[in-house]
Amino acid sequence: MVAEAKIRLSPQLQHRPASYADRIGQEYLRLASAEDRRLRGQFFTPVEIADFMARLYPTTERTSLRILDPGAGAGILSCALCEAIATSGKVKELAIDAYESDANLAGCLEKSLSYLKDWLRQKSVSLTFRIIREDFVLANAEALAEKASLFLAKPENNYDLIIANPPYFKLPKSDPRAKAAEAIVCGQPNIYAIFMAVSAALLKAGGEMICITPRSYTAGPYFRLFREKFFARMLPQAIHLFDSRTETFGRDDVLQESLILRARRADGWMAATPQTMVEVSRSASSQDLAEREIRRVPVSEVLDFAGKDKVLRLLLADEDERVLNLVRQWPGSLQSYGMEISTGPVVPFRATEFINGNAEKLQSRAPLLWMQNVSAMRIEWPVAARNKAQHIADNEQSRYLLVKNRNYVLLRRFSAKEAARRLVAAPLLANTFDAPFIGLENHLNYVYRRKSDLSEKEAFGLAALLNSSLIDSYFRTSNGNTQISATELRALPLPPLALIEKLGERVIGAEADLETIDLLVNELFDL
């Protein structure tokens, strides 16, 4: 733990409050243990990004504002926001409620906000602030206690403006914060989404929230309920994506696609303002924010609430919009073509008796394929991979883990952080192995027909389509994860089956590298 008394930095002459808060925060991080920071999910906002977020708040004619900073840290976001507001010349009174449960960091926060108060006084703006040394979610859990009261807050807790960089870590289901948020999350929730939900509950009607979070909530089944509840009340105004996974929070060595969202509390807005426009933009990192290109798109194109998955899409270029419009017109799906997708049933740590070194010596054994055996349009087996046995026992006890040797399309469930494509797929034909059954490890998904076999043309055509830059672009509009779930693939629109077979016919026997696949797909769909 850090002794707050050790941090004695004083503001330099004419020091900006945000810069002073940043200096204090960096000194705190120098003294804090990495393990303690990890457990608290602490990643401090760089000054450039704090300033960018602060400038997203539009000029107001109001003379007083109540501000909430739910995970205040050293106070850099509050400081940057108040600096930006003070330059408007309208606001004369500011009140900040800043939550910080880390007792040592709360002392740093008090230094930052005290200096901010003095700085604002010179601008003829008065500031009052409260530092609330409690867990933000538990302190406001009643806002999410029941579905009936979801996003209802006591009048005294309503804020005009919220700015936030929430902590980021997964919560076990038994955690009281996860239990408080059962109405909006499923599975093992990440605390940042709960912070966003509670924050929205504390906004006044018409109030604004500006937050920077991971992008992972924009798609996928785990955040579907959150998206449905959150965006039923929060109308997006501006969205900015940082492409780089390494530079946004580079000082903290964070690998994560980050997203800034500015949204306004407007319960029931979907029925009243469906044609509202949203500003979307992107940059590689904080270093090229000034050069970002801004597009204005209808909110109906950003929030795809027609389907059950309630996806948030980022149409950051004209090409994204063109791809989205094309794919949405496709009439098919895996289900409509009698296909299904499942996850490989072999979970290694639960099947050690069947896949340890002895399996390689057994006479009754089946090929075992891992993620490492699959690359774009190619199955390589066996491979020399550490701790990746290439066989699994085939006997009465292990048979429940095996699948029949049929024609499949295999997909990696995860891609590398900076991989060129989100999806990596390959056809697997039954004649590849002289075995009645095969094993598929849990990091693979596999596509198959429910009541018959995939044809060779279907297997090659579907694998080629999934590897194409066209489908990659489609998924990147909504998915910032390295994982694409089976649920998302079931919802993927597919072109007519005859076109999939035609693509497969052209790919079979060809050197089907990614460049060739793109040429064939572009030709097939007149791109």
# chains A, B, ... in the order shown; residues from 1 in each chain; ligands from 1
$ residues_around --residues "Val323 in chain A" --least-positions-apart "4" --cutoff "9 Å" --atoms "only C-alpha atoms" --output "PyMOL selection string"
chain A and resi 318-319+327-328+470-471+473-474
$ residues_around --residues "range 286-295 of chain A" --least-positions-apart "5" --cutoff "7 Å" --atoms "only C-alpha atoms" --output "PyMOL selection string"
chain A and resi 48-49+248+279-281+316
$ closest_atom_pairs --of "range 157-239 of chain A" --to "range 268-272 of chain A" --cutoff "10 Å" --atoms "only C-alpha atoms" --output "JSON lines"
{"residue": "A:Phe231", "atom": "CA", "partner": "A:Met270", "partner_atom": "CA", "distance": 9.0}
{"residue": "A:Ala232", "atom": "CA", "partner": "A:Gly268", "partner_atom": "CA", "distance": 6.2}
{"residue": "A:Arg233", "atom": "CA", "partner": "A:Gly268", "partner_atom": "CA", "distance": 6.1}
{"residue": "A:Met234", "atom": "CA", "partner": "A:Trp269", "partner_atom": "CA", "distance": 8.1}
{"residue": "A:Leu235", "atom": "CA", "partner": "A:Trp269", "partner_atom": "CA", "distance": 6.9}
$ residues_around --residues "Arg265 in chain A" --least-positions-apart "6" --cutoff "12 Å" --atoms "only C-alpha atoms" --output "ChimeraX atom specification"
/A:151-152,158-162,197,199-210,230-237
$ write_last_selection --atoms "C-alpha atoms" --output "compact mmCIF listing (two decimals), in the first residue's frame"
# COMPACT_ATOMS: atom_id res chain seq x y z
CA PHE A 151 -32.41 3.37 -13.84
CA LEU A 152 -34.56 5.21 -11.30
CA ASN A 158 -29.35 13.28 -10.01
CA TYR A 159 -26.38 14.76 -11.84
CA ASP A 160 -26.09 17.05 -14.83
CA LEU A 161 -22.86 15.53 -16.07
CA ILE A 162 -20.84 12.37 -15.48
CA ALA A 197 -25.25 1.34 -15.72
CA SER A 199 -23.90 6.14 -13.64
CA ALA A 200 -26.77 6.27 -16.13
CA ALA A 201 -29.20 5.71 -13.28
CA LEU A 202 -27.85 8.78 -11.48
CA LEU A 203 -28.18 11.17 -14.42
CA LYS A 204 -30.92 13.76 -14.66
CA ALA A 205 -33.20 13.66 -17.68
CA GLY A 206 -31.16 15.38 -20.37
CA GLY A 207 -27.93 14.86 -18.43
CA GLU A 208 -24.77 13.82 -20.25
CA MET A 209 -22.27 11.03 -19.63
CA ILE A 210 -18.78 10.86 -21.13
CA PHE A 230 -28.53 1.02 -21.11
CA PHE A 231 -29.32 2.25 -24.62
CA ALA A 232 -33.06 2.26 -24.02
CA ARG A 233 -32.30 5.31 -21.85
CA MET A 234 -28.98 6.65 -23.09
CA LEU A 235 -28.96 8.27 -26.54
CA PRO A 236 -25.47 8.22 -28.12
CA GLN A 237 -24.19 11.64 -29.17
$ residues_around --residues "range 364-375 of chain A" --least-positions-apart "3" --cutoff "6 Å" --atoms "only C-alpha atoms" --output "count of residues only"
15
$ select_by_dssp --residues "range 110-239 of chain A" --states "strand (DSSP E)" --output "PyMOL selection string"
chain A and resi 126-132+159-164+203-214+234-239
$ write_last_selection --atoms "N, CA, C and O atoms" --output "compact mmCIF listing (two decimals), in the first residue's frame"
# COMPACT_ATOMS: atom_id res chain seq x y z
N SER A 126 -16.85 29.14 -8.83
CA SER A 126 -16.75 28.52 -7.50
C SER A 126 -16.92 27.01 -7.63
O SER A 126 -17.71 26.52 -8.44
N LEU A 127 -16.18 26.28 -6.83
CA LEU A 127 -16.22 24.82 -6.83
C LEU A 127 -16.42 24.30 -5.42
O LEU A 127 -15.71 24.72 -4.49
N THR A 128 -17.37 23.41 -5.26
CA THR A 128 -17.48 22.62 -4.04
C THR A 128 -17.32 21.16 -4.44
O THR A 128 -17.75 20.76 -5.53
N PHE A 129 -16.69 20.38 -3.59
CA PHE A 129 -16.52 18.97 -3.94
C PHE A 129 -16.62 18.09 -2.71
O PHE A 129 -16.33 18.51 -1.58
N ARG A 130 -17.09 16.86 -2.94
CA ARG A 130 -17.12 15.82 -1.93
C ARG A 130 -16.31 14.64 -2.44
O ARG A 130 -16.48 14.22 -3.59
N ILE A 131 -15.44 14.12 -1.61
CA ILE A 131 -14.74 12.87 -1.93
C ILE A 131 -15.42 11.77 -1.13
O ILE A 131 -15.41 11.79 0.11
N ILE A 132 -16.04 10.85 -1.83
CA ILE A 132 -16.81 9.78 -1.19
C ILE A 132 -15.97 8.52 -1.21
O ILE A 132 -15.73 7.92 -2.27
N TYR A 159 -27.50 13.93 -11.41
CA TYR A 159 -26.38 14.76 -11.84
C TYR A 159 -26.62 15.30 -13.24
O TYR A 159 -27.31 14.69 -14.07
N ASP A 160 -26.02 16.45 -13.50
CA ASP A 160 -26.09 17.05 -14.83
C ASP A 160 -25.08 16.42 -15.79
O ASP A 160 -25.32 16.34 -16.99
N LEU A 161 -23.97 15.97 -15.23
CA LEU A 161 -22.86 15.53 -16.07
C LEU A 161 -22.03 14.49 -15.34
O LEU A 161 -21.74 14.65 -14.15
N ILE A 162 -21.69 13.43 -16.04
CA ILE A 162 -20.84 12.37 -15.48
C ILE A 162 -19.67 12.15 -16.42
O ILE A 162 -19.85 12.05 -17.64
N ILE A 163 -18.48 12.10 -15.86
CA ILE A 163 -17.28 11.79 -16.64
C ILE A 163 -16.57 10.64 -15.94
O ILE A 163 -16.44 10.64 -14.72
N ALA A 164 -16.15 9.62 -16.72
CA ALA A 164 -15.69 8.40 -16.04
C ALA A 164 -14.68 7.62 -16.86
O ALA A 164 -14.79 7.51 -18.09
N LEU A 203 -28.10 9.97 -13.59
CA LEU A 203 -28.18 11.17 -14.42
C LEU A 203 -29.59 11.77 -14.39
O LEU A 203 -30.58 11.05 -14.36
N LYS A 204 -29.65 13.08 -14.44
CA LYS A 204 -30.92 13.76 -14.66
C LYS A 204 -31.41 13.48 -16.09
O LYS A 204 -30.61 13.16 -16.97
N ALA A 205 -32.69 13.66 -16.32
CA ALA A 205 -33.20 13.66 -17.68
C ALA A 205 -32.49 14.77 -18.46
O ALA A 205 -32.43 15.91 -18.01
N GLY A 206 -31.92 14.42 -19.59
CA GLY A 206 -31.16 15.38 -20.37
C GLY A 206 -29.71 15.50 -19.96
O GLY A 206 -28.93 16.19 -20.63
N GLY A 207 -29.33 14.83 -18.87
CA GLY A 207 -27.93 14.86 -18.43
C GLY A 207 -27.03 14.09 -19.38
O GLY A 207 -27.46 13.21 -20.13
N GLU A 208 -25.74 14.41 -19.33
CA GLU A 208 -24.77 13.82 -20.25
C GLU A 208 -23.75 12.96 -19.50
O GLU A 208 -23.35 13.28 -18.38
N MET A 209 -23.34 11.87 -20.15
CA MET A 209 -22.27 11.03 -19.63
C MET A 209 -21.19 10.89 -20.68
O MET A 209 -21.48 10.64 -21.86
N ILE A 210 -19.93 11.05 -20.26
CA ILE A 210 -18.78 10.86 -21.13
C ILE A 210 -17.88 9.85 -20.45
O ILE A 210 -17.42 10.07 -19.32
N CYS A 211 -17.63 8.72 -21.10
CA CYS A 211 -16.83 7.68 -20.44
C CYS A 211 -15.90 7.02 -21.44
O CYS A 211 -16.17 6.97 -22.65
N ILE A 212 -14.78 6.53 -20.93
CA ILE A 212 -13.85 5.75 -21.72
C ILE A 212 -13.79 4.37 -21.11
O ILE A 212 -13.57 4.21 -19.90
N THR A 213 -14.02 3.36 -21.94
CA THR A 213 -14.09 1.98 -21.47
C THR A 213 -13.51 1.07 -22.55
O THR A 213 -13.26 1.49 -23.67
N PRO A 214 -13.34 -0.22 -22.23
CA PRO A 214 -13.08 -1.17 -23.31
C PRO A 214 -14.25 -1.21 -24.29
O PRO A 214 -15.38 -0.84 -23.95
N MET A 234 -30.11 5.79 -22.74
CA MET A 234 -28.98 6.65 -23.09
C MET A 234 -28.87 6.77 -24.60
O MET A 234 -28.66 5.78 -25.31
N LEU A 235 -29.02 7.99 -25.10
CA LEU A 235 -28.96 8.27 -26.54
C LEU A 235 -27.54 8.66 -26.91
O LEU A 235 -27.03 9.70 -26.46
N PRO A 236 -26.85 7.87 -27.73
CA PRO A 236 -25.47 8.22 -28.12
C PRO A 236 -25.42 9.56 -28.85
O PRO A 236 -26.26 9.85 -29.70
N GLN A 237 -24.43 10.36 -28.51
CA GLN A 237 -24.19 11.64 -29.17
C GLN A 237 -22.89 11.62 -29.96
O GLN A 237 -22.82 12.19 -31.05
N ALA A 238 -21.87 10.99 -29.40
CA ALA A 238 -20.56 10.91 -30.07
C ALA A 238 -19.86 9.65 -29.60
O ALA A 238 -19.98 9.26 -28.44
N ILE A 239 -19.12 9.03 -30.53
CA ILE A 239 -18.37 7.82 -30.23
C ILE A 239 -17.00 7.94 -30.89
O ILE A 239 -16.91 8.30 -32.06
$ closest_residue --among "A:Ala435, A:Gln483, A:Tyr400, A:Arg350" --to "Gln363 in chain A" --atoms "only C-alpha atoms"
A:Ala435
$ closest_residue --among "A:Tyr337, A:Phe44, A:Tyr408, A:Phe525" --to "Arg490 in chain A" --atoms "only C-alpha atoms"
A:Tyr337
$ select_by_dssp --residues "range 408-456 of chain A" --states "helix (DSSP H, G or I)" --output "PyMOL selection string"
chain A and resi 430-432+456
$ write_last_selection --atoms "C-alpha atoms" --output "mmCIF file, in the first residue's frame"
data_model
loop_
_atom_site.group_PDB
_atom_site.id
_atom_site.type_symbol
_atom_site.label_atom_id
_atom_site.label_comp_id
_atom_site.auth_asym_id
_atom_site.auth_seq_id
_atom_site.Cartn_x
_atom_site.Cartn_y
_atom_site.Cartn_z
ATOM 1 C CA ALA A 430 -13.899 -36.504 -43.704
ATOM 2 C CA ASN A 431 -11.262 -38.130 -45.941
ATOM 3 C CA THR A 432 -8.511 -36.168 -44.157
ATOM 4 C CA GLU A 456 -17.234 -30.235 -50.220
#
$ atom_distance --atom1 "CA of Leu225 in chain A" --atom2 "CA of Val185 in chain A"
6.0 Å
$ residues_around --residues "Ile184 in chain A" --least-positions-apart "6" --cutoff "9 Å" --atoms "only C-alpha atoms" --output "number ranges by chain"
A: 144, 147, 150, 194, 197, 223-230
$ closest_atom_pairs --of "range 67-98 of chain A" --to "range 133-137 of chain A" --cutoff "9 Å" --atoms "only C-alpha atoms" --output "tab-separated table"
residue	atom	partner	partner_atom	distance
A:Pro70	CA	A:Phe136	CA	6.2
A:Gly71	CA	A:Phe136	CA	7.5
A:Ala98	CA	A:Arg133	CA	8.5
$ write_last_selection --atoms "N, CA and C atoms" --output "mmCIF file, in the first residue's frame"
data_model
loop_
_atom_site.group_PDB
_atom_site.id
_atom_site.type_symbol
_atom_site.label_atom_id
_atom_site.label_comp_id
_atom_site.auth_asym_id
_atom_site.auth_seq_id
_atom_site.Cartn_x
_atom_site.Cartn_y
_atom_site.Cartn_z
ATOM 1 N N PRO A 70 -17.306 8.829 -10.980
ATOM 2 C CA PRO A 70 -17.539 7.624 -10.172
ATOM 3 C C PRO A 70 -16.310 6.784 -9.870
ATOM 4 N N GLY A 71 -15.237 6.984 -10.579
ATOM 5 C CA GLY A 71 -13.992 6.275 -10.279
ATOM 6 C C GLY A 71 -12.866 7.265 -10.443
ATOM 7 N N ALA A 98 -16.966 12.947 -6.103
ATOM 8 C CA ALA A 98 -15.916 12.078 -6.638
ATOM 9 C C ALA A 98 -15.799 10.841 -5.747
#
$ closest_residue --among "A:Pro496, A:Pro58, A:Gly187, A:Gly107" --to "Gly25 in chain A" --atoms "only C-alpha atoms"
A:Gly107
$ residues_around --residues "Pro298 in chain A" --least-positions-apart "4" --cutoff "10 Å" --atoms "only C-alpha atoms" --output "VMD selection string"
chain A and resid 274 to 279 302 to 303
